[in-house]
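Asker: My structure file input35.cif, mmCIF, C-alpha atoms and all ligand atoms; chains and numbers go by the auth columns, is below:
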data_upload
#
loop_
_atom_site.group_PDB
_atom_site.id
_atom_site.type_symbol
_atom_site.label_atom_id
_atom_site.label_comp_id
_atom_site.label_asym_id
_atom_site.label_seq_id
_atom_site.Cartn_x
_atom_site.Cartn_y
_atom_site.Cartn_z
_atom_site.B_iso_or_equiv
_atom_site.auth_seq_id
_atom_site.auth_asym_id
ATOM 1 C CA ALA A 1 26.356 6.893 -16.321 0.00 1 O
ATOM 2 C CA GLN A 2 25.162 4.430 -13.712 0.00 2 O
ATOM 3 C CA GLY A 3 21.863 2.871 -14.701 0.00 3 O
ATOM 4 C CA ASN A 4 22.448 3.812 -18.301 0.00 4 O
ATOM 5 C CA THR A 5 22.193 0.275 -19.556 0.00 5 O
ATOM 6 C CA LEU A 6 19.595 -2.433 -19.838 0.00 6 O
ATOM 7 C CA ALA A 7 21.980 -5.304 -20.526 0.00 7 O
ATOM 8 C CA GLY A 8 20.393 -8.604 -19.552 0.00 8 O
ATOM 9 C CA GLN A 9 16.956 -7.055 -18.964 0.00 9 O
ATOM 10 C CA ARG A 10 13.863 -8.439 -20.659 0.00 10 O
ATOM 11 C CA VAL A 11 11.730 -5.570 -21.927 0.00 11 O
ATOM 12 C CA LEU A 12 8.165 -5.990 -23.170 0.00 12 O
ATOM 13 C CA VAL A 13 6.751 -3.084 -25.206 0.00 13 O
ATOM 14 C CA THR A 14 3.288 -2.610 -26.697 0.00 14 O
ATOM 15 C CA ALA A 15 2.698 -0.274 -29.639 0.00 15 O
ATOM 16 C CA GLY A 16 0.045 0.812 -32.087 0.00 16 O
ATOM 17 C CA GLY A 17 -3.716 0.867 -31.945 0.00 17 O
ATOM 18 C CA THR A 18 -6.022 -2.071 -31.399 0.00 18 O
ATOM 19 C CA VAL A 19 -8.636 -3.001 -33.984 0.00 19 O
ATOM 20 C CA GLU A 20 -12.099 -3.909 -32.720 0.00 20 O
ATOM 21 C CA ARG A 21 -14.108 -5.611 -35.445 0.00 21 O
ATOM 22 C CA LEU A 22 -17.759 -5.062 -36.181 0.00 22 O
ATOM 23 C CA ASP A 23 -17.859 -7.378 -39.192 0.00 23 O
ATOM 24 C CA PRO A 24 -15.261 -8.894 -41.572 0.00 24 O
ATOM 25 C CA VAL A 25 -14.576 -5.545 -43.276 0.00 25 O
ATOM 26 C CA ARG A 26 -15.383 -2.880 -40.658 0.00 26 O
ATOM 27 C CA TYR A 27 -13.738 -1.984 -37.384 0.00 27 O
ATOM 28 C CA LEU A 28 -13.107 0.654 -34.717 0.00 28 O
ATOM 29 C CA THR A 29 -9.538 1.842 -34.191 0.00 29 O
ATOM 30 C CA ASN A 30 -7.553 5.015 -33.443 0.00 30 O
ATOM 31 C CA ASP A 31 -4.765 7.181 -34.853 0.00 31 O
ATOM 32 C CA SER A 32 -1.801 5.435 -33.214 0.00 32 O
ATOM 33 C CA SER A 33 0.981 4.849 -35.749 0.00 33 O
ATOM 34 C CA GLY A 34 3.104 2.712 -33.437 0.00 34 O
ATOM 35 C CA LYS A 35 6.034 5.153 -33.738 0.00 35 O
ATOM 36 C CA MET A 36 6.289 5.862 -29.991 0.00 36 O
ATOM 37 C CA GLY A 37 6.283 2.195 -28.993 0.00 37 O
ATOM 38 C CA PHE A 38 8.625 1.208 -31.823 0.00 38 O
ATOM 39 C CA ALA A 39 11.079 3.928 -30.738 0.00 39 O
ATOM 40 C CA ILE A 40 11.003 2.525 -27.199 0.00 40 O
ATOM 41 C CA ALA A 41 11.641 -1.010 -28.447 0.00 41 O
ATOM 42 C CA GLU A 42 14.522 0.219 -30.601 0.00 42 O
ATOM 43 C CA ALA A 43 16.086 2.260 -27.785 0.00 43 O
ATOM 44 C CA ALA A 44 15.774 -0.650 -25.339 0.00 44 O
ATOM 45 C CA LYS A 45 17.495 -2.931 -27.838 0.00 45 O
ATOM 46 C CA ALA A 46 20.283 -0.360 -28.295 0.00 46 O
ATOM 47 C CA MET A 47 20.728 -0.278 -24.489 0.00 47 O
ATOM 48 C CA GLY A 48 21.333 -4.024 -24.490 0.00 48 O
ATOM 49 C CA ALA A 49 17.898 -5.366 -23.555 0.00 49 O
ATOM 50 C CA GLN A 50 16.209 -8.455 -24.941 0.00 50 O
ATOM 51 C CA VAL A 51 13.043 -6.925 -26.405 0.00 51 O
ATOM 52 C CA THR A 52 9.618 -8.293 -27.269 0.00 52 O
ATOM 53 C CA LEU A 53 7.353 -5.912 -29.141 0.00 53 O
ATOM 54 C CA ILE A 54 3.620 -6.557 -29.208 0.00 54 O
ATOM 55 C CA ALA A 55 2.114 -4.457 -31.951 0.00 55 O
ATOM 56 C CA GLY A 56 -1.433 -3.735 -32.997 0.00 56 O
ATOM 57 C CA ARG A 57 -2.305 -1.717 -36.095 0.00 57 O
ATOM 58 C CA THR A 58 0.676 0.432 -37.078 0.00 58 O
ATOM 59 C CA SER A 59 1.922 2.351 -40.087 0.00 59 O
ATOM 60 C CA ALA A 60 5.604 2.501 -39.143 0.00 60 O
ATOM 61 C CA GLN A 61 8.441 0.086 -39.841 0.00 61 O
ATOM 62 C CA PRO A 62 9.174 -2.114 -36.791 0.00 62 O
ATOM 63 C CA PRO A 63 12.773 -2.036 -35.525 0.00 63 O
ATOM 64 C CA ALA A 64 15.214 -4.838 -36.337 0.00 64 O
ATOM 65 C CA GLY A 65 16.541 -7.246 -33.749 0.00 65 O
ATOM 66 C CA VAL A 66 13.441 -7.441 -31.569 0.00 66 O
ATOM 67 C CA GLU A 67 10.892 -10.230 -31.295 0.00 67 O
ATOM 68 C CA LEU A 68 7.726 -8.967 -32.990 0.00 68 O
ATOM 69 C CA VAL A 69 4.267 -10.289 -32.107 0.00 69 O
ATOM 70 C CA ARG A 70 1.343 -8.967 -34.149 0.00 70 O
ATOM 71 C CA VAL A 71 -2.110 -8.718 -32.595 0.00 71 O
ATOM 72 C CA GLU A 72 -5.374 -7.138 -33.621 0.00 72 O
ATOM 73 C CA SER A 73 -7.823 -6.617 -30.746 0.00 73 O
ATOM 74 C CA ALA A 74 -7.454 -5.457 -27.144 0.00 74 O
ATOM 75 C CA GLN A 75 -8.313 -9.020 -26.085 0.00 75 O
ATOM 76 C CA GLN A 76 -5.499 -10.474 -28.213 0.00 76 O
ATOM 77 C CA MET A 77 -3.074 -7.859 -26.871 0.00 77 O
ATOM 78 C CA LEU A 78 -4.122 -8.758 -23.320 0.00 78 O
ATOM 79 C CA GLU A 79 -3.411 -12.449 -23.974 0.00 79 O
ATOM 80 C CA ALA A 80 -0.076 -11.803 -25.713 0.00 80 O
ATOM 81 C CA VAL A 81 1.122 -9.516 -22.900 0.00 81 O
ATOM 82 C CA THR A 82 -0.155 -11.705 -20.059 0.00 82 O
ATOM 83 C CA GLU A 83 1.623 -14.788 -21.467 0.00 83 O
ATOM 84 C CA ARG A 84 4.949 -12.962 -21.381 0.00 84 O
ATOM 85 C CA PHE A 85 4.521 -10.877 -18.240 0.00 85 O
ATOM 86 C CA ASP A 86 6.050 -13.264 -15.707 0.00 86 O
ATOM 87 C CA THR A 87 9.384 -13.373 -17.519 0.00 87 O
ATOM 88 C CA ALA A 88 9.610 -9.607 -18.177 0.00 88 O
ATOM 89 C CA ASP A 89 11.683 -7.161 -16.129 0.00 89 O
ATOM 90 C CA ILE A 90 10.279 -3.956 -17.638 0.00 90 O
ATOM 91 C CA VAL A 91 6.921 -3.494 -19.372 0.00 91 O
ATOM 92 C CA VAL A 92 6.104 -0.352 -21.362 0.00 92 O
ATOM 93 C CA LYS A 93 2.497 0.087 -22.509 0.00 93 O
ATOM 94 C CA ALA A 94 2.685 2.657 -25.298 0.00 94 O
ATOM 95 C CA ALA A 95 -0.175 1.066 -27.276 0.00 95 O
ATOM 96 C CA ALA A 96 -3.457 2.899 -27.714 0.00 96 O
ATOM 97 C CA VAL A 97 -5.822 0.176 -26.554 0.00 97 O
ATOM 98 C CA ALA A 98 -9.524 0.528 -27.312 0.00 98 O
ATOM 99 C CA ASP A 99 -11.627 1.084 -24.200 0.00 99 O
ATOM 100 C CA TYR A 100 -14.746 -0.283 -25.926 0.00 100 O
ATOM 101 C CA ARG A 101 -15.496 -2.923 -28.559 0.00 101 O
ATOM 102 C CA PRO A 102 -18.704 -3.859 -30.385 0.00 102 O
ATOM 103 C CA VAL A 103 -20.778 -6.271 -28.289 0.00 103 O
ATOM 104 C CA LYS A 104 -21.484 -8.320 -31.378 0.00 104 O
ATOM 105 C CA GLN A 105 -18.891 -9.227 -34.017 0.00 105 O
ATOM 106 C CA HIS A 106 -20.871 -10.208 -37.083 0.00 106 O
ATOM 107 C CA GLY A 107 -19.585 -13.143 -39.125 0.00 107 O
ATOM 108 C CA GLN A 108 -20.945 -11.660 -42.372 0.00 108 O
ATOM 109 C CA LYS A 109 -20.845 -8.116 -43.729 0.00 109 O
ATOM 110 C CA LEU A 110 -23.629 -6.109 -42.096 0.00 110 O
ATOM 111 C CA LYS A 111 -26.445 -5.159 -44.463 0.00 111 O
ATOM 112 C CA LYS A 112 -28.114 -1.756 -44.589 0.00 112 O
ATOM 113 C CA ASN A 113 -31.365 -1.886 -42.743 0.00 113 O
ATOM 114 C CA GLY A 114 -33.267 1.325 -41.977 0.00 114 O
ATOM 115 C CA GLU A 115 -32.024 4.938 -41.725 0.00 115 O
ATOM 116 C CA SER A 116 -29.958 4.677 -38.591 0.00 116 O
ATOM 117 C CA LEU A 117 -27.932 2.048 -36.831 0.00 117 O
ATOM 118 C CA THR A 118 -27.104 1.968 -33.133 0.00 118 O
ATOM 119 C CA LEU A 119 -23.874 0.238 -32.209 0.00 119 O
ATOM 120 C CA GLU A 120 -23.720 -1.306 -28.781 0.00 120 O
ATOM 121 C CA LEU A 121 -20.246 -1.257 -27.259 0.00 121 O
ATOM 122 C CA GLU A 122 -18.836 -2.969 -24.190 0.00 122 O
ATOM 123 C CA ARG A 123 -15.717 -2.298 -22.136 0.00 123 O
ATOM 124 C CA THR A 124 -12.494 -4.093 -22.986 0.00 124 O
ATOM 125 C CA THR A 125 -10.238 -5.351 -20.199 0.00 125 O
ATOM 126 C CA ASP A 126 -7.750 -2.724 -19.023 0.00 126 O
ATOM 127 C CA ILE A 127 -4.440 -4.459 -19.751 0.00 127 O
ATOM 128 C CA LEU A 128 -2.280 -2.089 -17.716 0.00 128 O
ATOM 129 C CA GLN A 129 -4.549 -2.377 -14.690 0.00 129 O
ATOM 130 C CA THR A 130 -4.542 -6.188 -14.976 0.00 130 O
ATOM 131 C CA LEU A 131 -0.727 -6.183 -15.005 0.00 131 O
ATOM 132 C CA GLY A 132 -0.639 -3.728 -12.091 0.00 132 O
ATOM 133 C CA GLU A 133 -2.704 -6.156 -10.009 0.00 133 O
ATOM 134 C CA LYS A 134 -0.430 -9.129 -10.671 0.00 134 O
ATOM 135 C CA LYS A 135 3.024 -7.595 -10.879 0.00 135 O
ATOM 136 C CA LYS A 136 5.862 -9.155 -8.909 0.00 136 O
ATOM 137 C CA GLY A 137 8.851 -6.880 -9.127 0.00 137 O
ATOM 138 C CA GLN A 138 8.423 -5.864 -12.781 0.00 138 O
ATOM 139 C CA LEU A 139 8.878 -2.168 -13.520 0.00 139 O
ATOM 140 C CA LEU A 140 5.527 -1.210 -15.019 0.00 140 O
ATOM 141 C CA ILE A 141 5.411 1.865 -17.252 0.00 141 O
ATOM 142 C CA GLY A 142 2.124 3.217 -18.566 0.00 142 O
ATOM 143 C CA PHE A 143 1.230 6.090 -20.826 0.00 143 O
ATOM 144 C CA ALA A 144 -1.490 8.652 -20.287 0.00 144 O
ATOM 145 C CA ALA A 145 -2.956 10.243 -23.396 0.00 145 O
ATOM 146 C CA GLU A 146 -4.836 13.306 -22.197 0.00 146 O
ATOM 147 C CA THR A 147 -6.218 16.506 -23.634 0.00 147 O
ATOM 148 C CA GLU A 148 -6.800 18.367 -20.341 0.00 148 O
ATOM 149 C CA ASP A 149 -5.781 18.235 -16.677 0.00 149 O
ATOM 150 C CA VAL A 150 -2.788 16.122 -17.687 0.00 150 O
ATOM 151 C CA GLU A 151 -1.096 15.959 -14.261 0.00 151 O
ATOM 152 C CA ARG A 152 -4.223 14.991 -12.350 0.00 152 O
ATOM 153 C CA TYR A 153 -5.250 12.250 -14.790 0.00 153 O
ATOM 154 C CA ALA A 154 -1.676 10.956 -15.090 0.00 154 O
ATOM 155 C CA MET A 155 -1.268 10.624 -11.309 0.00 155 O
ATOM 156 C CA ASP A 156 -4.714 9.041 -11.084 0.00 156 O
ATOM 157 C CA LYS A 157 -3.682 6.407 -13.688 0.00 157 O
ATOM 158 C CA LEU A 158 -0.382 5.776 -11.902 0.00 158 O
ATOM 159 C CA THR A 159 -2.138 5.025 -8.611 0.00 159 O
ATOM 160 C CA ARG A 160 -5.163 3.181 -9.967 0.00 160 O
ATOM 161 C CA LYS A 161 -3.141 0.990 -12.340 0.00 161 O
ATOM 162 C CA ASN A 162 -0.273 0.448 -9.844 0.00 162 O
ATOM 163 C CA CYS A 163 2.417 1.735 -12.240 0.00 163 O
ATOM 164 C CA ASP A 164 5.994 2.688 -11.403 0.00 164 O
ATOM 165 C CA LEU A 165 6.190 5.378 -14.080 0.00 165 O
ATOM 166 C CA ILE A 166 3.647 7.184 -16.228 0.00 166 O
ATOM 167 C CA VAL A 167 4.521 8.969 -19.446 0.00 167 O
ATOM 168 C CA ALA A 168 1.932 11.690 -19.906 0.00 168 O
ATOM 169 C CA ASN A 169 1.364 13.322 -23.275 0.00 169 O
ATOM 170 C CA ASP A 170 -1.081 16.070 -24.094 0.00 170 O
ATOM 171 C CA VAL A 171 -2.329 14.543 -27.335 0.00 171 O
ATOM 172 C CA GLY A 172 -4.082 17.784 -28.280 0.00 172 O
ATOM 173 C CA ALA A 173 -0.821 19.806 -28.354 0.00 173 O
ATOM 174 C CA ASP A 174 1.106 20.533 -31.576 0.00 174 O
ATOM 175 C CA GLY A 175 4.149 18.266 -31.879 0.00 175 O
ATOM 176 C CA ALA A 176 2.797 15.767 -29.328 0.00 176 O
ATOM 177 C CA GLY A 177 0.902 12.499 -29.300 0.00 177 O
ATOM 178 C CA PHE A 178 -0.428 10.461 -32.185 0.00 178 O
ATOM 179 C CA ASN A 179 1.232 9.940 -35.535 0.00 179 O
ATOM 180 C CA GLY A 180 4.002 12.576 -35.720 0.00 180 O
ATOM 181 C CA ASP A 181 7.723 11.986 -35.230 0.00 181 O
ATOM 182 C CA THR A 182 7.937 14.115 -32.074 0.00 182 O
ATOM 183 C CA ASN A 183 6.354 14.067 -28.642 0.00 183 O
ATOM 184 C CA ILE A 184 6.158 16.314 -25.584 0.00 184 O
ATOM 185 C CA VAL A 185 5.964 14.263 -22.407 0.00 185 O
ATOM 186 C CA GLN A 186 6.077 14.546 -18.653 0.00 186 O
ATOM 187 C CA LEU A 187 7.336 11.634 -16.593 0.00 187 O
ATOM 188 C CA TYR A 188 5.593 10.867 -13.311 0.00 188 O
ATOM 189 C CA GLY A 189 6.509 8.460 -10.536 0.00 189 O
ATOM 190 C CA PRO A 190 4.733 7.691 -7.261 0.00 190 O
ATOM 191 C CA GLU A 191 6.472 10.785 -5.840 0.00 191 O
ATOM 192 C CA GLY A 192 4.924 13.056 -8.505 0.00 192 O
ATOM 193 C CA LEU A 193 6.491 14.870 -11.476 0.00 193 O
ATOM 194 C CA ILE A 194 9.991 13.544 -12.243 0.00 194 O
ATOM 195 C CA GLU A 195 10.822 15.404 -15.438 0.00 195 O
ATOM 196 C CA SER A 196 9.049 17.552 -17.969 0.00 196 O
ATOM 197 C CA LEU A 197 10.672 17.115 -21.393 0.00 197 O
ATOM 198 C CA PRO A 198 10.591 19.640 -24.224 0.00 198 O
ATOM 199 C CA MET A 199 9.483 18.655 -27.730 0.00 199 O
ATOM 200 C CA LEU A 200 11.840 15.853 -28.756 0.00 200 O
ATOM 201 C CA SER A 201 11.903 13.170 -31.399 0.00 201 O
ATOM 202 C CA LYS A 202 10.130 9.993 -30.299 0.00 202 O
ATOM 203 C CA ARG A 203 13.561 8.332 -30.373 0.00 203 O
ATOM 204 C CA GLU A 204 14.943 10.836 -27.825 0.00 204 O
ATOM 205 C CA VAL A 205 11.807 10.566 -25.666 0.00 205 O
ATOM 206 C CA ALA A 206 12.323 6.793 -25.657 0.00 206 O
ATOM 207 C CA GLN A 207 15.972 7.134 -24.639 0.00 207 O
ATOM 208 C CA ARG A 208 15.209 9.581 -21.807 0.00 208 O
ATOM 209 C CA LEU A 209 12.385 7.368 -20.538 0.00 209 O
ATOM 210 C CA LEU A 210 14.558 4.243 -20.530 0.00 210 O
ATOM 211 C CA ILE A 211 17.386 5.997 -18.689 0.00 211 O
ATOM 212 C CA HIS A 212 14.886 6.688 -15.881 0.00 212 O
ATOM 213 C CA ALA A 213 13.662 3.109 -16.069 0.00 213 O
ATOM 214 C CA ALA A 214 17.214 1.729 -15.842 0.00 214 O
ATOM 215 C CA ASP A 215 17.961 3.996 -12.857 0.00 215 O
ATOM 216 C CA ARG A 216 14.844 2.786 -11.058 0.00 216 O
ATOM 217 C CA MET A 217 15.732 -0.847 -11.764 0.00 217 O
ATOM 218 C CA ALA A 218 19.240 -0.279 -10.402 0.00 218 O
ATOM 219 C CA SER A 219 17.999 1.439 -7.244 0.00 219 O
ATOM 220 C CA THR A 220 15.397 -1.239 -6.419 0.00 220 O
ATOM 221 C CA ARG A 221 18.098 -3.904 -6.854 0.00 221 O
ATOM 222 C CA ARG A 222 20.373 -2.013 -4.429 0.00 222 O
ATOM 223 C CA ARG A 223 17.679 -1.704 -1.755 0.00 223 O
HETATM 224 O O1 LIG B . 1.679 5.445 -31.831 0.00 301 O
HETATM 225 P P1 LIG B . 1.982 6.905 -32.066 0.00 301 O
HETATM 226 O O2 LIG B . 1.311 7.440 -33.304 0.00 301 O
HETATM 227 O O3 LIG B . 3.475 7.182 -32.027 0.00 301 O
HETATM 228 O O4 LIG B . 1.321 7.745 -30.838 0.00 301 O
HETATM 229 C C1 LIG B . 1.792 7.606 -29.535 0.00 301 O
HETATM 230 C C2 LIG B . 0.650 7.556 -28.498 0.00 301 O
HETATM 231 C C3 LIG B . -0.062 8.888 -28.451 0.00 301 O
HETATM 232 C C4 LIG B . -0.343 6.436 -28.856 0.00 301 O
HETATM 233 C C5 LIG B . 1.348 7.250 -27.130 0.00 301 O
HETATM 234 O O5 LIG B . 2.243 8.277 -26.837 0.00 301 O
HETATM 235 C C6 LIG B . 0.311 7.100 -25.990 0.00 301 O
HETATM 236 O O6 LIG B . -0.101 8.042 -25.345 0.00 301 O
HETATM 237 N N1 LIG B . -0.107 5.836 -25.739 0.00 301 O
HETATM 238 C C7 LIG B . -1.183 5.494 -24.789 0.00 301 O
HETATM 239 C C8 LIG B . -2.518 5.747 -25.440 0.00 301 O
HETATM 240 C C9 LIG B . -3.650 5.427 -24.515 0.00 301 O
HETATM 241 O O7 LIG B . -4.403 4.497 -24.768 0.00 301 O
HETATM 242 O O8 LIG B . -3.707 6.149 -23.416 0.00 301 O
HETATM 243 P P2 LIG B . -4.840 6.063 -22.269 0.00 301 O
HETATM 244 O O9 LIG B . -4.607 7.262 -21.412 0.00 301 O
HETATM 245 O O10 LIG B . -6.188 5.848 -22.891 0.00 301 O
HETATM 246 O O11 LIG B . -4.453 4.743 -21.488 0.00 301 O
HETATM 247 C C10 LIG B . -3.591 4.766 -20.368 0.00 301 O
HETATM 248 C C11 LIG B . -2.722 3.535 -20.315 0.00 301 O
HETATM 249 O O12 LIG B . -3.533 2.364 -20.123 0.00 301 O
HETATM 250 C C12 LIG B . -1.883 3.296 -21.563 0.00 301 O
HETATM 251 O O13 LIG B . -0.611 2.824 -21.152 0.00 301 O
HETATM 252 C C13 LIG B . -2.662 2.222 -22.297 0.00 301 O
HETATM 253 O O14 LIG B . -1.788 1.384 -23.061 0.00 301 O
HETATM 254 C C14 LIG B . -3.293 1.437 -21.147 0.00 301 O
HETATM 255 N N2 LIG B . -4.578 0.767 -21.476 0.00 301 O
HETATM 256 C C15 LIG B . -5.677 1.486 -21.819 0.00 301 O
HETATM 257 C C16 LIG B . -6.883 0.841 -22.077 0.00 301 O
HETATM 258 C C17 LIG B . -6.933 -0.572 -21.989 0.00 301 O
HETATM 259 N N3 LIG B . -8.045 -1.245 -22.250 0.00 301 O
HETATM 260 N N4 LIG B . -5.815 -1.255 -21.649 0.00 301 O
HETATM 261 C C18 LIG B . -4.648 -0.611 -21.397 0.00 301 O
HETATM 262 O O15 LIG B . -3.621 -1.246 -21.071 0.00 301 O
#
Can the structure from this file be put into structure tokens for me?
Answerer:
Amino acid sequence: AQGNTLAGQRVLVTAGGTVERLDPVRYLTNDSSGKMGFAIAEAAKAMGAQVTLIAGRTSAQPPAGVELVRVESAQQMLEAVTERFDTADIVVKAAAVADYRPVKQHGQKLKKNGESLTLELERTTDILQTLGEKKKGQLLIGFAAETEDVERYAMDKLTRKNCDLIVANDVGADGAGFNGDTNIVQLYGPEGLIESLPMLSKREVAQRLLIHAADRMASTRRR
């Protein structure tokens, strides 16, 4: 089918959770396994793309034949993605990036001191939003991990972060979201809902998503 290939395209994918350190042995993270992002990198490679995969903390095996860049924190992911953004054609942000990090990263292991401890957190930079502000023709694909009002929040993210596509998943639903091998997603574009997919393997979700991405690339080139 027309648009069913990514030959010659440079695809940048992020996957996994970020790790925000409190001290040398303690950190804040989330349940992302990296499976969704890895499946996207693998599918893009199979469609002929040149793929760079920027991965945080993951528990899955990264696909072969892609350039793999390991990062830990949201800040490191921001730097790794920003460095490669100008030369990318398609960027897919499947990573679960921390919204907050500890204000202070202690150089030594924190000692017990009193009955309670209050952690002060500060906002991390929103990577997707940063890319949305500086994009020049790249197709920018974000995810929206929601547990309620999925459509409203997904469309809000698409507009606010200047994305071309948003993959929304209800991460509270059985068979969707973090860690498992399947996902249930809805694809949104600036025009609204494009397609609502049934429960599929993360590999099939990745393929369906990239077919839409390839179609959009082909139609912007034609215009
Ligand atoms: O890794 P798996 O176990 O396979 O699980 C897959 C997944 C549930 C992690 C994946 O499908 C998913 O939903 N990824 C996005 C998770 C997320 O952080 O969603 P969000 O709604 O909080 O963020 C929206 C978008 O902004 C995402 O594209 C995210 O990468 C991006 N973001 C968020 C915060 C931040 N500081 N920078 C960002 O770029």
Asker: Would you list the residues that come within 6 Å of ligand LIG 301 (chain O)? Count only C-alpha atoms and all ligand atoms and give the answer as an NGL selection string.
Answerer: :O and (16 or 32-36 or 93-99 or 124-128 or 142-145 or 169 or 177-179)
Asker: Please indicate the distance in Å from atom CA of Met47 of chain O to atom CA of Gly17 of chain O, rounded to one decimal place.
Answerer: 25.6 Å
Asker: Calculated over all atoms listed in the file, which of the candidates O:Thr14, O:Thr220, O:Thr118, O:Thr29 has the smallest distance to Arg84 of chain O?
Answerer: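 Checking each of O:Thr14, O:Thr220, O:Thr118, O:Thr29 against Arg84 of chain O, counting all atoms listed in the file, the winner is O:Thr14.
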Asker: Give me, as a count of residues only, all polymer residues having an atom no more than 9 Å from Leu110 of chain O, counting all atoms listed in the file and skipping those fewer than 3 positions away in the same chain.
Answerer: 7
Asker: Considering all atoms listed in the file, tabulate each residue of segment 149-223 of chain O that lies at most 6 Å from segment 130-140 of chain O along with its nearest interatomic pair and the corresponding distance in Å to one decimal; arrange the rows by chain and ascending residue number and present them as a tab-separated table.
Answerer:
residue	atom	partner	partner_atom	distance
O:Lys161	CA	O:Gly132	CA	5.3
O:Asn162	CA	O:Gly132	CA	4.8
O:Cys163	CA	O:Leu140	CA	5.1
O:Asp164	CA	O:Leu140	CA	5.3
Asker: What separation in Å, quoted to one decimal, exists between atom CA of Asp31 of chain O and atom CA of Asp170 of chain O?
Answerer: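 Straight-line distance from atom CA of Asp31 of chain O to atom CA of Asp170 of chain O works out to 14.4 Å.
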Asker: Please determine, counting all atoms listed in the file, which residue among O:Leu209, O:Val71, O:Gln105, O:Arg10 has the shortest atom-to-atom distance to Asp86 of chain O.
Answerer: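 Selected residue with least distance to Asp86 of chain O: O:Arg10.
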Asker: Please, what distance in Å, to one decimal, runs between atom CA of Pro198 of chain O and atom CA of Ala39 of chain O?
Answerer: 17.0 Å
Asker: Assuming the chain letters and numbering stay as they are in my file, what does the PyMOL selection byres (((chain O and resi 181) around 7) and not hetatm) actually select? List them as a PDB file with C-alpha atoms, keeping the file's coordinate frame.
Answerer:
ATOM      1  CA  ASN O 179       1.232   9.940 -35.535  1.00  0.00           C
ATOM      2  CA  GLY O 180       4.002  12.576 -35.720  1.00  0.00           C
ATOM      3  CA  THR O 182       7.937  14.115 -32.074  1.00  0.00           C
ATOM      4  CA  SER O 201      11.903  13.170 -31.399  1.00  0.00           C
ATOM      5  CA  LYS O 202      10.130   9.993 -30.299  1.00  0.00           C
TER       6      LYS O 202
END
Asker: Go through O:Leu158, O:Val13, O:Ile194, O:Val25 and flag the residue nearest Gln108 of chain O, using all atoms listed in the file for the distances.
Answerer: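 Nearest candidate to Gln108 of chain O out of O:Leu158, O:Val13, O:Ile194, O:Val25: O:Val25.
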Asker: Pick out the closest residue to Leu28 of chain O from this set: O:Val51, O:Ala74, O:Leu210, O:Ala88. Count all atoms listed in the file.
Answerer: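 For Leu28 of chain O, the nearest of the given residues is O:Ala74.
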Asker: Restricting the calculation to only C-alpha atoms: of O:Asp149, O:Glu122, O:Glu191, O:Asp89, which residue gets closest to Glu20 of chain O?
Answerer: O:Glu122
Asker: Evaluate the PyMOL selection byres (((chain O and resi 54) around 9) and not hetatm) against this structure - the residues, as a VMD selection string, please.
Answerer: chain O and resid 12 to 16 52 to 53 55 to 56 67 to 71 77 80 to 81 95
Asker: Residues at most 12 Å from Val150 of chain O, counting only C-alpha atoms, excluding those fewer than 5 positions away in the same chain, as a ChimeraX atom specification?
Answerer: /O:143-145,155-157,166-173,184-188,193,196
Asker: Find, counting only C-alpha atoms, the residue in O:Glu151, O:Gln75, O:Val11, O:Ile141 that gets nearest to Arg123 of chain O.
Answerer: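 Between O:Glu151, O:Gln75, O:Val11, O:Ile141, the residue approaching Arg123 of chain O most closely is O:Gln75.
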